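A.B. asks: Data: upload-v2.pdb, PDB, C-alpha atoms.
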ATOM      1  CA  MET U 283       0.000   0.000   0.000
ATOM      2  CA  GLU U 284       2.840   2.355   0.920
ATOM      3  CA  GLY U 285       4.527   1.667  -2.421
ATOM      4  CA  LYS U 286       1.383   2.585  -4.312
ATOM      5  CA  ASN U 287       1.105   5.889  -2.398
ATOM      6  CA  LYS U 288       4.707   6.803  -3.282
ATOM      7  CA  GLU U 289       4.137   5.988  -6.924
ATOM      8  CA  GLY U 290       1.032   8.168  -6.898
ATOM      9  CA  GLN U 291       2.921  11.097  -5.368
ATOM     10  CA  ILE U 292       5.667  10.823  -7.977
ATOM     11  CA  LEU U 293       3.097  10.754 -10.756
ATOM     12  CA  ILE U 294       1.407  13.877  -9.350
ATOM     13  CA  LYS U 295       4.750  15.731  -9.229
ATOM     14  CA  ILE U 296       5.527  14.796 -12.821
ATOM     15  CA  CYS U 297       2.130  16.031 -13.931
ATOM     16  CA  CYS U 298       2.679  19.334 -12.095
ATOM     17  CA  VAL U 299       6.004  19.884 -13.846
ATOM     18  CA  ILE U 300       4.464  19.148 -17.229
ATOM     19  CA  PHE U 301       1.542  21.475 -16.525
ATOM     20  CA  ALA U 302       3.877  24.277 -15.388
ATOM     21  CA  PHE U 303       5.951  23.898 -18.549
ATOM     22  CA  ILE U 304       2.840  24.022 -20.738
ATOM     23  CA  LEU U 305       1.647  27.108 -18.882
ATOM     24  CA  TRP U 306       5.041  28.791 -19.380
ATOM     25  CA  LEU U 307       4.929  28.012 -23.100
ATOM     26  CA  TYR U 308       1.447  29.487 -23.315
ATOM     27  CA  ILE U 309       2.381  32.694 -21.525
ATOM     28  CA  PHE U 310       5.634  33.094 -23.430
ATOM     29  CA  ASN U 311       4.240  32.418 -26.895
ATOM     30  CA  VAL U 312       0.627  33.557 -26.597
ATOM     31  CA  GLU U 313       0.557  36.199 -23.897
ATOM     32  CA  ASN U 314       4.220  37.256 -24.574
ATOM     33  CA  PRO U 315       4.388  39.772 -21.697
ATOM     34  CA  MET U 316       6.600  42.860 -21.572
ATOM     35  CA  THR U 317       9.817  42.352 -19.632
ATOM     36  CA  GLU U 318      13.206  43.938 -18.968
ATOM     37  CA  ARG U 319      16.702  42.545 -19.132
ATOM     38  CA  LYS U 320      20.247  43.830 -18.616
ATOM     39  CA  ILE U 321      22.814  43.219 -21.364
ATOM     40  CA  VAL U 322      26.492  44.286 -21.582
ATOM     41  CA  VAL U 323      27.502  45.843 -24.918
ATOM     42  CA  PRO U 324      31.017  46.946 -26.019
ATOM     43  CA  VAL U 325      31.626  50.595 -26.931
ATOM     44  CA  THR U 326      33.636  51.622 -30.005
ATOM     45  CA  ILE U 327      35.901  54.660 -29.574
ATOM     46  CA  VAL U 328      35.744  57.116 -32.488
ATOM     47  CA  ASN U 329      38.421  59.732 -33.358
ATOM     48  CA  GLU U 330      40.862  58.531 -30.710
ATOM     49  CA  ASP U 331      43.704  60.190 -32.652
ATOM     50  CA  VAL U 332      42.605  63.642 -31.394
ATOM     51  CA  LEU U 333      44.221  62.760 -28.068
ATOM     52  CA  ALA U 334      47.700  62.851 -29.611
ATOM     53  CA  GLN U 335      46.959  66.280 -31.079
ATOM     54  CA  SER U 336      46.281  67.478 -27.530
ATOM     55  CA  LYS U 337      49.407  65.649 -26.274
ATOM     56  CA  LEU U 338      47.255  63.278 -24.251
ATOM     57  CA  THR U 339      47.017  59.503 -24.167
ATOM     58  CA  GLN U 340      44.742  56.932 -22.605
ATOM     59  CA  VAL U 341      46.011  55.252 -19.435
ATOM     60  CA  GLY U 342      45.836  51.496 -19.942
ATOM     61  CA  ASN U 343      44.332  49.584 -22.837
ATOM     62  CA  ASP U 344      40.862  49.075 -21.407
ATOM     63  CA  GLN U 345      38.088  47.860 -23.676
ATOM     64  CA  PHE U 346      35.032  49.938 -22.838
ATOM     65  CA  SER U 347      31.519  48.568 -22.383
ATOM     66  CA  VAL U 348      28.220  49.657 -20.814
ATOM     67  CA  SER U 349      25.193  47.859 -19.383
ATOM     68  CA  LEU U 350      21.970  48.438 -21.284
ATOM     69  CA  ILE U 351      18.576  47.887 -19.676
ATOM     70  CA  ILE U 352      16.396  46.748 -22.548
ATOM     71  CA  ARG U 353      12.607  46.396 -22.596
ATOM     72  CA  GLY U 354      10.218  44.595 -24.920
ATOM     73  CA  ASN U 355       8.211  41.439 -25.407
ATOM     74  CA  ALA U 356       9.772  38.501 -23.624
ATOM     75  CA  SER U 357      10.415  36.611 -26.851
ATOM     76  CA  ASP U 358      12.281  39.607 -28.282
ATOM     77  CA  VAL U 359      14.157  40.628 -25.142
ATOM     78  CA  TYR U 360      15.635  37.172 -24.599
ATOM     79  CA  SER U 361      16.561  36.625 -28.232
ATOM     80  CA  VAL U 362      18.738  39.727 -28.799
ATOM     81  CA  LYS U 363      22.543  39.607 -28.560
ATOM     82  CA  SER U 364      25.126  42.288 -27.791
ATOM     83  CA  SER U 365      26.176  42.211 -31.455
ATOM     84  CA  ASP U 366      22.701  43.522 -32.375
ATOM     85  CA  PHE U 367      23.702  46.887 -30.881
ATOM     86  CA  LYS U 368      26.285  49.426 -32.014
ATOM     87  CA  LEU U 369      27.513  51.969 -29.468
ATOM     88  CA  ASN U 370      30.022  54.782 -30.104
ATOM     89  CA  SER U 371      31.861  57.296 -27.985
ATOM     90  CA  ASP U 372      33.351  60.183 -29.995
ATOM     91  CA  PHE U 373      36.487  61.733 -28.468
ATOM     92  CA  SER U 374      36.446  64.638 -30.930
ATOM     93  CA  SER U 375      33.094  65.938 -29.708
ATOM     94  CA  TYR U 376      34.320  66.888 -26.245
ATOM     95  CA  VAL U 377      37.174  68.796 -24.632
ATOM     96  CA  MET U 378      39.498  66.220 -23.105
ATOM     97  CA  LYS U 379      41.782  66.891 -20.162
ATOM     98  CA  LYS U 380      44.385  65.086 -18.084
ATOM     99  CA  GLY U 381      42.733  62.884 -15.473
ATOM    100  CA  GLU U 382      39.294  61.287 -15.492
ATOM    101  CA  ASN U 383      36.874  62.173 -18.289
ATOM    102  CA  ASN U 384      33.203  61.142 -18.490
ATOM    103  CA  ILE U 385      32.313  60.663 -22.149
ATOM    104  CA  PRO U 386      28.701  60.007 -23.249
ATOM    105  CA  VAL U 387      27.853  56.914 -25.261
ATOM    106  CA  ILE U 388      25.701  57.228 -28.381
ATOM    107  CA  VAL U 389      23.482  54.365 -29.562
ATOM    108  CA  LYS U 390      24.014  54.035 -33.309
ATOM    109  CA  LYS U 391      22.075  50.823 -33.864
ATOM    110  CA  SER U 392      19.587  48.722 -31.896
ATOM    111  CA  PRO U 393      16.771  46.256 -32.704
ATOM    112  CA  ASP U 394      13.518  47.974 -33.717
ATOM    113  CA  ASN U 395      11.340  45.964 -31.340
ATOM    114  CA  ILE U 396      13.514  46.743 -28.305
ATOM    115  CA  SER U 397      13.671  49.947 -26.257
ATOM    116  CA  ILE U 398      16.639  51.006 -24.113
ATOM    117  CA  VAL U 399      15.413  52.165 -20.715
ATOM    118  CA  ASN U 400      18.653  53.919 -19.639
ATOM    119  CA  ILE U 401      19.546  55.441 -23.019
ATOM    120  CA  GLU U 402      19.937  58.926 -21.484
ATOM    121  CA  ASN U 403      22.430  57.745 -18.888
ATOM    122  CA  LEU U 404      25.149  55.941 -20.818
ATOM    123  CA  TRP U 405      28.728  57.048 -20.034
ATOM    124  CA  ILE U 406      32.246  55.686 -20.039
ATOM    125  CA  LYS U 407      35.080  56.868 -17.802
ATOM    126  CA  VAL U 408      38.344  57.528 -19.642
ATOM    127  CA  GLN U 409      41.559  58.140 -17.710
ATOM    128  CA  LEU U 410      44.029  60.360 -19.626
ATOM    129  CA  ASP U 411      47.639  61.340 -19.018
ATOM    130  CA  GLU U 412      50.234  63.456 -20.794
ATOM    131  CA  LEU U 413      51.624  61.812 -23.927
ATOM    132  CA  LYS U 414      55.316  60.929 -23.599
ATOM    133  CA  LYS U 415      57.689  59.689 -26.303
ATOM    134  CA  LYS U 416      61.255  58.408 -26.367
ATOM    135  CA  SER U 417      63.626  56.418 -28.580
ATOM    136  CA  VAL U 418      65.017  53.104 -27.358
ATOM    137  CA  PRO U 419      67.380  50.499 -28.868
ATOM    138  CA  VAL U 420      66.021  47.690 -31.032
ATOM    139  CA  ARG U 421      67.065  44.139 -30.163
ATOM    140  CA  VAL U 422      66.337  40.973 -32.116
ATOM    141  CA  THR U 423      67.059  37.571 -30.579
ATOM    142  CA  LEU U 424      67.419  34.366 -32.581
ATOM    143  CA  THR U 425      65.966  31.124 -31.276
ATOM    144  CA  GLY U 426      66.339  27.560 -32.502
ATOM    145  CA  LYS U 427      69.276  26.082 -34.398
ATOM    146  CA  PRO U 428      69.987  26.053 -38.127
ATOM    147  CA  LYS U 429      70.453  22.815 -40.003
ATOM    148  CA  GLU U 430      73.378  20.722 -38.775
ATOM    149  CA  GLY U 431      76.639  21.956 -40.285
ATOM    150  CA  TYR U 432      75.329  25.509 -40.724
ATOM    151  CA  TYR U 433      75.706  28.640 -38.634
ATOM    152  CA  ALA U 434      73.389  31.641 -38.211
ATOM    153  CA  PHE U 435      75.125  34.952 -37.524
ATOM    154  CA  ASN U 436      73.670  37.837 -35.569
ATOM    155  CA  PRO U 437      70.842  39.528 -37.484
ATOM    156  CA  VAL U 438      71.443  42.772 -39.370
ATOM    157  CA  LEU U 439      68.654  45.290 -38.666
ATOM    158  CA  ASN U 440      67.389  48.067 -40.910
ATOM    159  CA  MET U 441      67.184  50.408 -37.898
ATOM    160  CA  GLU U 442      68.897  50.759 -34.540
ATOM    161  CA  LYS U 443      66.171  52.563 -32.582
ATOM    162  CA  ALA U 444      62.381  52.825 -32.446
ATOM    163  CA  GLU U 445      60.011  55.256 -30.761
ATOM    164  CA  VAL U 446      57.722  54.290 -27.896
ATOM    165  CA  SER U 447      54.838  56.511 -26.832
ATOM    166  CA  GLY U 448      52.185  56.447 -24.155
ATOM    167  CA  ALA U 449      51.523  57.580 -20.609
ATOM    168  CA  GLN U 450      54.510  58.801 -18.611
ATOM    169  CA  GLU U 451      54.769  55.877 -16.179
ATOM    170  CA  PRO U 452      54.840  52.950 -18.644
ATOM    171  CA  VAL U 453      57.039  54.855 -21.123
ATOM    172  CA  SER U 454      59.624  55.563 -18.413
ATOM    173  CA  THR U 455      59.996  51.827 -17.705
ATOM    174  CA  VAL U 456      60.722  50.823 -21.322
ATOM    175  CA  LYS U 457      64.399  50.005 -21.974
ATOM    176  CA  TYR U 458      64.257  48.231 -25.337
ATOM    177  CA  VAL U 459      61.946  47.156 -28.113
ATOM    178  CA  VAL U 460      62.540  43.510 -28.900
ATOM    179  CA  ALA U 461      61.593  40.733 -31.279
ATOM    180  CA  THR U 462      62.520  37.089 -31.718
ATOM    181  CA  TYR U 463      62.952  34.930 -34.800
ATOM    182  CA  ASN U 464      63.289  31.145 -35.014
ATOM    183  CA  VAL U 465      66.115  29.985 -37.323
ATOM    184  CA  LYS U 466      65.308  26.294 -36.897
ATOM    185  CA  ASP U 467      66.691  24.186 -39.789
ATOM    186  CA  ALA U 468      67.786  27.277 -41.757
ATOM    187  CA  GLN U 469      70.442  26.670 -44.431
ATOM    188  CA  LYS U 470      70.438  29.955 -46.355
ATOM    189  CA  ASP U 471      70.298  33.684 -45.650
ATOM    190  CA  ILE U 472      67.016  34.902 -44.153
ATOM    191  CA  ASN U 473      65.311  38.185 -45.085
ATOM    192  CA  THR U 474      62.120  38.890 -43.172
ATOM    193  CA  SER U 475      60.243  41.300 -40.890
ATOM    194  CA  VAL U 476      59.467  40.735 -37.214
ATOM    195  CA  THR U 477      57.045  42.504 -34.868
ATOM    196  CA  LEU U 478      58.478  44.616 -32.059
ATOM    197  CA  GLN U 479      57.248  44.843 -28.486
ATOM    198  CA  ALA U 480      58.383  47.059 -25.633
ATOM    199  CA  GLU U 481      60.168  45.570 -22.606
ATOM    200  CA  ASP U 482      61.617  46.857 -19.362
ATOM    201  CA  GLY U 483      65.110  46.083 -18.094
ATOM    202  CA  SER U 484      63.950  42.743 -16.635
ATOM    203  CA  GLY U 485      62.397  41.517 -19.872
ATOM    204  CA  ASN U 486      58.789  42.180 -18.862
ATOM    205  CA  VAL U 487      56.517  43.195 -21.753
ATOM    206  CA  ILE U 488      55.056  46.711 -21.457
ATOM    207  CA  LYS U 489      51.712  46.545 -23.261
ATOM    208  CA  GLU U 490      50.531  50.058 -22.382
ATOM    209  CA  VAL U 491      52.756  51.784 -24.958
ATOM    210  CA  SER U 492      52.795  52.038 -28.745
ATOM    211  CA  VAL U 493      55.888  51.186 -30.806
ATOM    212  CA  ASN U 494      56.666  53.045 -34.029
ATOM    213  CA  PRO U 495      57.557  51.495 -36.380
ATOM    214  CA  SER U 496      55.979  48.317 -35.099
ATOM    215  CA  VAL U 497      58.105  45.989 -37.263
ATOM    216  CA  VAL U 498      61.790  45.764 -38.126
ATOM    217  CA  LYS U 499      63.342  44.221 -41.229
ATOM    218  CA  ILE U 500      66.156  41.777 -40.505
ATOM    219  CA  THR U 501      68.750  39.872 -42.500
ATOM    220  CA  VAL U 502      70.196  36.752 -40.887
ATOM    221  CA  PRO U 503      73.336  35.491 -42.664
ATOM    222  CA  VAL U 504      73.372  31.673 -42.678
ATOM    223  CA  GLY U 505      76.302  29.725 -44.090
ATOM    224  CA  LYS U 506      78.053  26.377 -44.143
ATOM    225  CA  MET U 507      80.376  25.979 -41.156
ATOM    226  CA  LYS U 508      83.532  24.057 -40.325
ATOM    227  CA  THR U 509      86.492  24.279 -37.928
ATOM    228  CA  VAL U 510      90.063  24.803 -39.177
ATOM    229  CA  PRO U 511      93.448  25.253 -37.438
ATOM    230  CA  VAL U 512      95.182  28.618 -37.053
ATOM    231  CA  ASN U 513      98.513  28.872 -38.895
ATOM    232  CA  VAL U 514     100.913  31.362 -37.266
ATOM    233  CA  LYS U 515     103.025  33.066 -39.951
ATOM    234  CA  ILE U 516     106.541  33.716 -38.602
ATOM    235  CA  GLN U 517     109.198  36.098 -39.871
ATOM    236  CA  GLY U 518     112.511  37.292 -38.359
ATOM    237  CA  ASN U 519     114.088  35.928 -35.176
ATOM    238  CA  THR U 520     114.664  36.951 -31.588
ATOM    239  CA  GLY U 521     118.434  37.386 -31.794
ATOM    240  CA  ALA U 522     118.725  35.171 -28.731
ATOM    241  CA  SER U 523     120.209  31.748 -28.081
ATOM    242  CA  ALA U 524     116.986  29.928 -27.314
ATOM    243  CA  TYR U 525     114.334  27.654 -28.674
ATOM    244  CA  ILE U 526     111.270  29.761 -29.443
ATOM    245  CA  SER U 527     107.776  28.253 -29.176
ATOM    246  CA  VAL U 528     104.811  30.236 -30.466
ATOM    247  CA  THR U 529     101.355  29.030 -29.525
ATOM    248  CA  ALA U 530      98.115  30.394 -30.983
ATOM    249  CA  LEU U 531      95.151  30.582 -28.665
ATOM    250  CA  PRO U 532      92.649  29.382 -29.708
ATOM    251  CA  GLU U 533      94.342  26.724 -31.784
ATOM    252  CA  LYS U 534      91.313  26.389 -34.070
ATOM    253  CA  VAL U 535      88.572  28.694 -35.268
ATOM    254  CA  GLY U 536      85.171  28.157 -36.825
ATOM    255  CA  ILE U 537      84.523  29.595 -40.272
ATOM    256  CA  SER U 538      81.311  29.972 -42.233
ATOM    257  CA  GLY U 539      80.397  30.920 -45.763
ATOM    258  CA  ASP U 540      79.317  29.564 -49.097
ATOM    259  CA  GLU U 541      80.122  25.865 -49.297
ATOM    260  CA  SER U 542      82.003  26.315 -52.585
ATOM    261  CA  ILE U 543      84.402  28.698 -50.813
ATOM    262  CA  ILE U 544      85.035  27.143 -47.417
ATOM    263  CA  LYS U 545      85.444  23.585 -48.704
ATOM    264  CA  ASN U 546      88.861  24.603 -50.084
ATOM    265  CA  ILE U 547      90.030  26.328 -46.894
ATOM    266  CA  ASN U 548      91.994  24.060 -44.574
ATOM    267  CA  GLU U 549      93.581  26.666 -42.279
ATOM    268  CA  ILE U 550      93.438  30.354 -41.408
ATOM    269  CA  ASP U 551      96.709  32.304 -41.425
ATOM    270  CA  THR U 552      97.663  35.051 -39.039
ATOM    271  CA  GLU U 553      99.292  38.262 -40.137
ATOM    272  CA  PRO U 554     103.105  37.858 -40.192
ATOM    273  CA  VAL U 555     104.603  37.754 -36.692
ATOM    274  CA  ASP U 556     108.071  39.370 -36.373
ATOM    275  CA  LEU U 557     109.889  37.478 -33.614
ATOM    276  CA  SER U 558     112.496  40.217 -33.317
ATOM    277  CA  LYS U 559     109.786  42.514 -31.945
ATOM    278  CA  ILE U 560     108.460  40.025 -29.412
ATOM    279  CA  GLY U 561     110.261  39.638 -26.120
ATOM    280  CA  ASP U 562     111.100  36.274 -24.582
ATOM    281  CA  SER U 563     108.365  34.629 -22.496
ATOM    282  CA  ASP U 564     105.929  37.198 -23.779
ATOM    283  CA  SER U 565     102.378  37.084 -25.094
ATOM    284  CA  SER U 566     100.744  39.308 -27.683
ATOM    285  CA  GLN U 567      97.846  39.496 -30.110
ATOM    286  CA  VAL U 568      97.747  39.083 -33.854
ATOM    287  CA  LYS U 569      95.016  39.472 -36.438
ATOM    288  CA  LEU U 570      93.731  36.627 -38.564
ATOM    289  CA  VAL U 571      93.766  36.936 -42.344
ATOM    290  CA  VAL U 572      90.211  36.024 -43.303
ATOM    291  CA  PRO U 573      89.683  35.142 -46.987
ATOM    292  CA  GLN U 574      87.033  37.021 -48.926
ATOM    293  CA  GLY U 575      83.581  35.482 -48.596
ATOM    294  CA  VAL U 576      84.439  33.850 -45.273
ATOM    295  CA  LYS U 577      83.194  34.845 -41.816
ATOM    296  CA  LEU U 578      84.603  33.821 -38.464
ATOM    297  CA  VAL U 579      82.302  32.059 -36.022
ATOM    298  CA  ASN U 580      82.410  33.343 -32.436
ATOM    299  CA  ASN U 581      85.749  35.060 -32.975
ATOM    300  CA  SER U 582      86.630  38.738 -33.249
ATOM    301  CA  GLY U 583      89.387  38.104 -35.803
ATOM    302  CA  ILE U 584      92.193  38.265 -33.236
ATOM    303  CA  VAL U 585      94.084  35.415 -31.532
ATOM    304  CA  GLN U 586      96.484  35.449 -28.613
ATOM    305  CA  LEU U 587     100.108  34.420 -29.153
ATOM    306  CA  ARG U 588     101.986  32.785 -26.335
ATOM    307  CA  VAL U 589     105.743  33.046 -26.895
ATOM    308  CA  ASN U 590     108.188  31.034 -24.758
ATOM    309  CA  SER U 591     111.978  30.658 -24.978
ATOM    310  CA  ASN U 592     113.720  27.668 -23.375
ATOM    311  CA  GLU U 593     117.503  27.470 -23.128
ATOM    312  CA  ALA U 594     119.196  24.055 -23.341
ATOM    313  CA  ARG U 595     122.913  23.254 -23.203
ATOM    314  CA  SER U 596     124.428  20.262 -24.936
ATOM    315  CA  GLU U 597     128.249  19.694 -25.107
ATOM    316  CA  GLY U 598     128.854  23.335 -24.205
ATOM    317  CA  VAL U 599     126.808  24.571 -27.153
ATOM    318  CA  GLN U 600     123.571  26.442 -26.628
ATOM    319  CA  LEU U 601     121.006  25.112 -29.117
ATOM    320  CA  ALA U 602     118.056  27.086 -30.384
ATOM    321  CA  SER U 603     114.923  26.276 -32.317
ATOM    322  CA  ALA U 604     111.401  27.578 -32.711
ATOM    323  CA  PHE U 605     108.232  25.662 -33.183
ATOM    324  CA  LEU U 606     104.571  26.461 -33.646
ATOM    325  CA  LEU U 607     101.695  24.662 -32.078
ATOM    326  CA  LEU U 608      99.878  25.071 -35.411
ATOM    327  CA  PRO U 609     100.979  23.441 -37.558
ATOM    328  CA  GLN U 610     102.697  20.964 -35.327
ATOM    329  CA  GLY U 611     106.362  20.158 -35.667
ATOM    330  CA  VAL U 612     107.609  23.306 -37.433
ATOM    331  CA  LEU U 613     110.988  24.401 -36.007
ATOM    332  CA  LEU U 614     112.160  28.000 -36.143
ATOM    333  CA  PRO U 615     115.947  28.295 -35.451
ATOM    334  CA  ALA U 616     117.050  31.350 -33.485
ATOM    335  CA  GLN U 617     120.513  32.939 -33.716
ATOM    336  CA  THR U 618     123.426  31.248 -31.933
ATOM    337  CA  PRO U 619     126.423  33.128 -30.601
TER     338      PRO U 619
END
Just give me the structure as C-alpha cells.
C.D. replies:
Amino acid sequence: MEGKNKEGQILIKICCVIFAFILWLYIFNVENPMTERKIVVPVTIVNEDVLAQSKLTQVGNDQFSVSLIIRGNASDVYSVKSSDFKLNSDFSSYVMKKGENNIPVIVKKSPDNISIVNIENLWIKVQLDELKKKSVPVRVTLTGKPKEGYYAFNPVLNMEKAEVSGAQEPVSTVKYVVATYNVKDAQKDINTSVTLQAEDGSGNVIKEVSVNPSVVKITVPVGKMKTVPVNVKIQGNTGASAYISVTALPEKVGISGDESIIKNINEIDTEPVDLSKIGDSDSSQVKLVVPQGVKLVNNSGIVQLRVNSNEARSEGVQLASAFLLLPQGVLLPAQTP
C-alpha cells in the first residue's frame, strides 16, 4: 500500500512539472508579456587620434563597455545579442583633459522591437595622461638552431632605434623594443620582418605603450660551417740563443660561408709575426687573415700568441729552435752566438 502511495505522489509531481511547462509556453508564446533585461555591450571609440593632437594619451588599454537595460516582449528581449547593438563614444566631440573624463555613449544601432530604458544615462570613464615619447634600442634575438653543419650569424637590422609613446609611467619603464625569430633548420640567408614589443630592463613586456615602427626588417646570414686550425706566420728571429715556441690561442677557429668557398680552406693564417719585436716569455695578439667570402664564427678576428723561450745546453753549445703549435712540428731556429 505504501509503495502505491509513493508511486502516486511521484506521478502527481511529474504532472505538475508538465503542466507548469505548458503554462510557461502558453504565456511566453501567446501572452508574450513585456519584460526587462540587462545586457552588456562593447563601446567603439571614435576619433581617438585627437588625443595625440592634444598631447594626451589613454592610461591602460581598457576595452570599454556599458550595461543596457532593454525592454520589450519577452520573446524579443531574450533573443537579442550584444552584437545587435552598435555603441560609439566620440572623443572629438568633447574637450578632453588630463585625469578622469566622463564621455557620453551614443546608440548608433539597436533592434527595432527593443527599447533602451537607460539610453539617457550611458557614459564611459576615460583616464588620460600626458603623452610621452622616447627612442630606445632595437634588439632581435634568434631562437632555434639552423640545419646541422650551418651557422646563423647575428641579425642585421634596418634600424637601430624605435620610438615608444604612451603615458609617462609605462614609457619611463621601457628600456628596449625587442623581437625574436626562429632559425630552426635554416640553411640559407634569411630576409624577413618581425614585430616589435616594448620591454623593461627585466624583460617584462610593457603593453601600455605604442611602438613606431611596429616591425623591423632583418637579414640573418646563414652559411656552411667548419672548424680549421690557425697557422701562425713567422718572420725574423729573436736574436737570442733559445728555442722559441709560439702558440696560438685558440688553436682552431670556426669559419662559415658559401660551401664552394670554405670547402677549399683548410687553415686560417695570421698576419706575419716578427719574432724580433716580441720579447722572450711574452704574449701578444695578432690578427687573422680572413679570406674574402668567409666569416669567423664566435671570434673577433684576433688570436692570442703565447711566446716562450727555453735554453738548453748540450756539449757546451747552446742550441736554439722555434716551433709552432699550429701546424705541429715546425721548427724555427734562433741565432746562436
A.B. asks: Which is closest to Asn329 in chain U among U:Ser374, U:Met507, U:Glu402, U:Ser538, if we use all atoms listed in the file?
C.D. replies: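 For Asn329 in chain U, the nearest of the candidates is U:Ser374.
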A.B. asks: Could you work out how far CA of Val512 in chain U lies from CA of Ile584 in chain U, giving the answer in Å with one decimal?
C.D. replies: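 These atoms are spaced 10.8 Å apart.
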A.B. asks: Apply the PyMOL selection byres ((chain U and resi 540) around 10) to the displayed file and report the matching residues as a ChimeraX atom specification.
C.D. replies: /U:470,504-507,538-539,541-545,575-577
A.B. asks: Could you build a table of the residues in range 477-540 of chain U lying no more than 10 Å from range 429-449 of chain U, giving for each the nearest pair of atoms and their separation in Å rounded to one decimal place, using all atoms listed in the file, ordered by chain and ascending residue number, as a tab-separated table?
C.D. replies:
residue	atom	partner	partner_atom	distance
U:Leu478	CA	U:Ala444	CA	9.1
U:Gln479	CA	U:Val446	CA	9.5
U:Ala480	CA	U:Val446	CA	7.6
U:Lys489	CA	U:Gly448	CA	10.0
U:Glu490	CA	U:Gly448	CA	6.8
U:Val491	CA	U:Gly448	CA	4.8
U:Ser492	CA	U:Ser447	CA	5.3
U:Val493	CA	U:Val446	CA	4.6
U:Asn494	CA	U:Glu445	CA	5.2
U:Pro495	CA	U:Ala444	CA	6.4
U:Ser496	CA	U:Ala444	CA	8.3
U:Val497	CA	U:Ala444	CA	9.4
U:Val498	CA	U:Asn440	CA	6.7
U:Lys499	CA	U:Asn440	CA	5.6
U:Ile500	CA	U:Leu439	CA	4.7
U:Thr501	CA	U:Val438	CA	5.0
U:Val502	CA	U:Pro437	CA	4.4
U:Pro503	CA	U:Phe435	CA	5.5
U:Val504	CA	U:Ala434	CA	4.5
U:Gly505	CA	U:Tyr432	CA	5.5
U:Lys506	CA	U:Tyr432	CA	4.5
U:Met507	CA	U:Tyr432	CA	5.1
U:Lys508	CA	U:Gly431	CA	7.2
U:Gly536	CA	U:Tyr433	CA	9.6
U:Ile537	CA	U:Tyr433	CA	9.0
U:Ser538	CA	U:Tyr433	CA	6.8
U:Gly539	CA	U:Tyr433	CA	8.8
A.B. asks: What does the distance between CA of Ile401 in chain U and CA of Val387 in chain U come to in Å, to one decimal place?
C.D. replies: 8.7 Å
A.B. asks: Return as JSON the box centre and box size in Å, one decimal, for an axis-aligned box around all listed atoms of range 500-518 of chain U padded by 6 Å per side.
C.D. replies:
{"center_x": 89.3, "center_y": 32.9, "center_z": -40.6, "size_x": 58.4, "size_y": 29.7, "size_z": 19.1}
A.B. asks: Determine, counting only C-alpha atoms, which protein, DNA and RNA residues have an atom within 6 Å of an atom of Phe367 in chain U; residues of the same chain fewer than 3 positions away are not included. Present the result as a list of chain:residue names.
C.D. replies: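 After dropping sequence-adjacent residues, the list is U:Ser364, U:Lys391, U:Ser392.
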A.B. asks: Once the PyMOL selection byres ((chain U and resi 345) around 8) has been applied to the shown file, what residues remain in the selection, as a ChimeraX atom specification?
C.D. replies: /U:324-325,343-344,346-347
A.B. asks: So what do you get for CA of Gly583 in chain U versus CA of Asp556 in chain U, distance-wise?
C.D. replies: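 Distance reported for this atom pair: 18.7 Å.
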A.B. asks: Kindly indicate which residue among U:Asp471, U:Thr455, U:Val579, U:Val528 lies nearest to Thr509 in chain U, using all atoms listed in the file for the distances.
C.D. replies: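 Smallest separation from Thr509 in chain U among the options: U:Val579.
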A.B. asks: Would you mind telling me which residue in U:Leu570, U:Val453, U:Met378, U:Ala356 lies nearest to Leu413 in chain U when using only C-alpha atoms?
C.D. replies: U:Val453
A.B. asks: So, counting all atoms listed in the file, which residue among U:Lys363, U:Glu481, U:Ser454, U:Gly426 is closest to Lys466 in chain U?
C.D. replies: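 Closest to Lys466 in chain U of all the choices is U:Gly426.
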A.B. asks: Tell me which of U:Val348, U:Cys298, U:Val359, U:Ala530 sits closest to Ile406 in chain U, counting all atoms listed in the file.
C.D. replies: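 With all atoms listed in the file as the atom set, the closest residue is U:Val348.
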A.B. asks: Could you complete range 464-473 of chain U so that it carries N, CA and C atoms, and give it back as a PDB file, in the coordinates of the input?
C.D. replies:
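Saved the output as rebuild.pdb:
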ATOM      1  N   ASN U 464      62.847  32.534 -35.118  1.00  0.00           N
ATOM      2  CA  ASN U 464      63.289  31.145 -35.014  1.00  0.00           C
ATOM      3  C   ASN U 464      64.016  30.734 -36.293  1.00  0.00           C
ATOM      4  N   VAL U 465      65.306  30.373 -36.160  1.00  0.00           N
ATOM      5  CA  VAL U 465      66.115  29.985 -37.323  1.00  0.00           C
ATOM      6  C   VAL U 465      66.199  28.466 -37.465  1.00  0.00           C
ATOM      7  N   LYS U 466      65.268  27.752 -36.869  1.00  0.00           N
ATOM      8  CA  LYS U 466      65.308  26.294 -36.897  1.00  0.00           C
ATOM      9  C   LYS U 466      65.427  25.761 -38.326  1.00  0.00           C
ATOM     10  N   ASP U 467      66.445  24.891 -38.521  1.00  0.00           N
ATOM     11  CA  ASP U 467      66.691  24.186 -39.789  1.00  0.00           C
ATOM     12  C   ASP U 467      67.043  25.112 -40.952  1.00  0.00           C
ATOM     13  N   ALA U 468      67.410  26.354 -40.674  1.00  0.00           N
ATOM     14  CA  ALA U 468      67.786  27.277 -41.757  1.00  0.00           C
ATOM     15  C   ALA U 468      69.091  26.831 -42.403  1.00  0.00           C
ATOM     16  N   GLN U 469      69.212  27.008 -43.719  1.00  0.00           N
ATOM     17  CA  GLN U 469      70.442  26.670 -44.431  1.00  0.00           C
ATOM     18  C   GLN U 469      70.770  27.698 -45.521  1.00  0.00           C
ATOM     19  N   LYS U 470      70.113  28.854 -45.446  1.00  0.00           N
ATOM     20  CA  LYS U 470      70.438  29.955 -46.355  1.00  0.00           C
ATOM     21  C   LYS U 470      70.070  31.270 -45.674  1.00  0.00           C
ATOM     22  N   ASP U 471      70.557  32.371 -46.240  1.00  0.00           N
ATOM     23  CA  ASP U 471      70.298  33.684 -45.650  1.00  0.00           C
ATOM     24  C   ASP U 471      68.793  33.936 -45.521  1.00  0.00           C
ATOM     25  N   ILE U 472      68.425  34.617 -44.442  1.00  0.00           N
ATOM     26  CA  ILE U 472      67.016  34.902 -44.153  1.00  0.00           C
ATOM     27  C   ILE U 472      66.771  36.400 -44.255  1.00  0.00           C
ATOM     28  N   ASN U 473      65.756  36.786 -45.008  1.00  0.00           N
ATOM     29  CA  ASN U 473      65.311  38.185 -45.085  1.00  0.00           C
ATOM     30  C   ASN U 473      63.831  38.219 -44.726  1.00  0.00           C
TER      31      ASN U 473
END
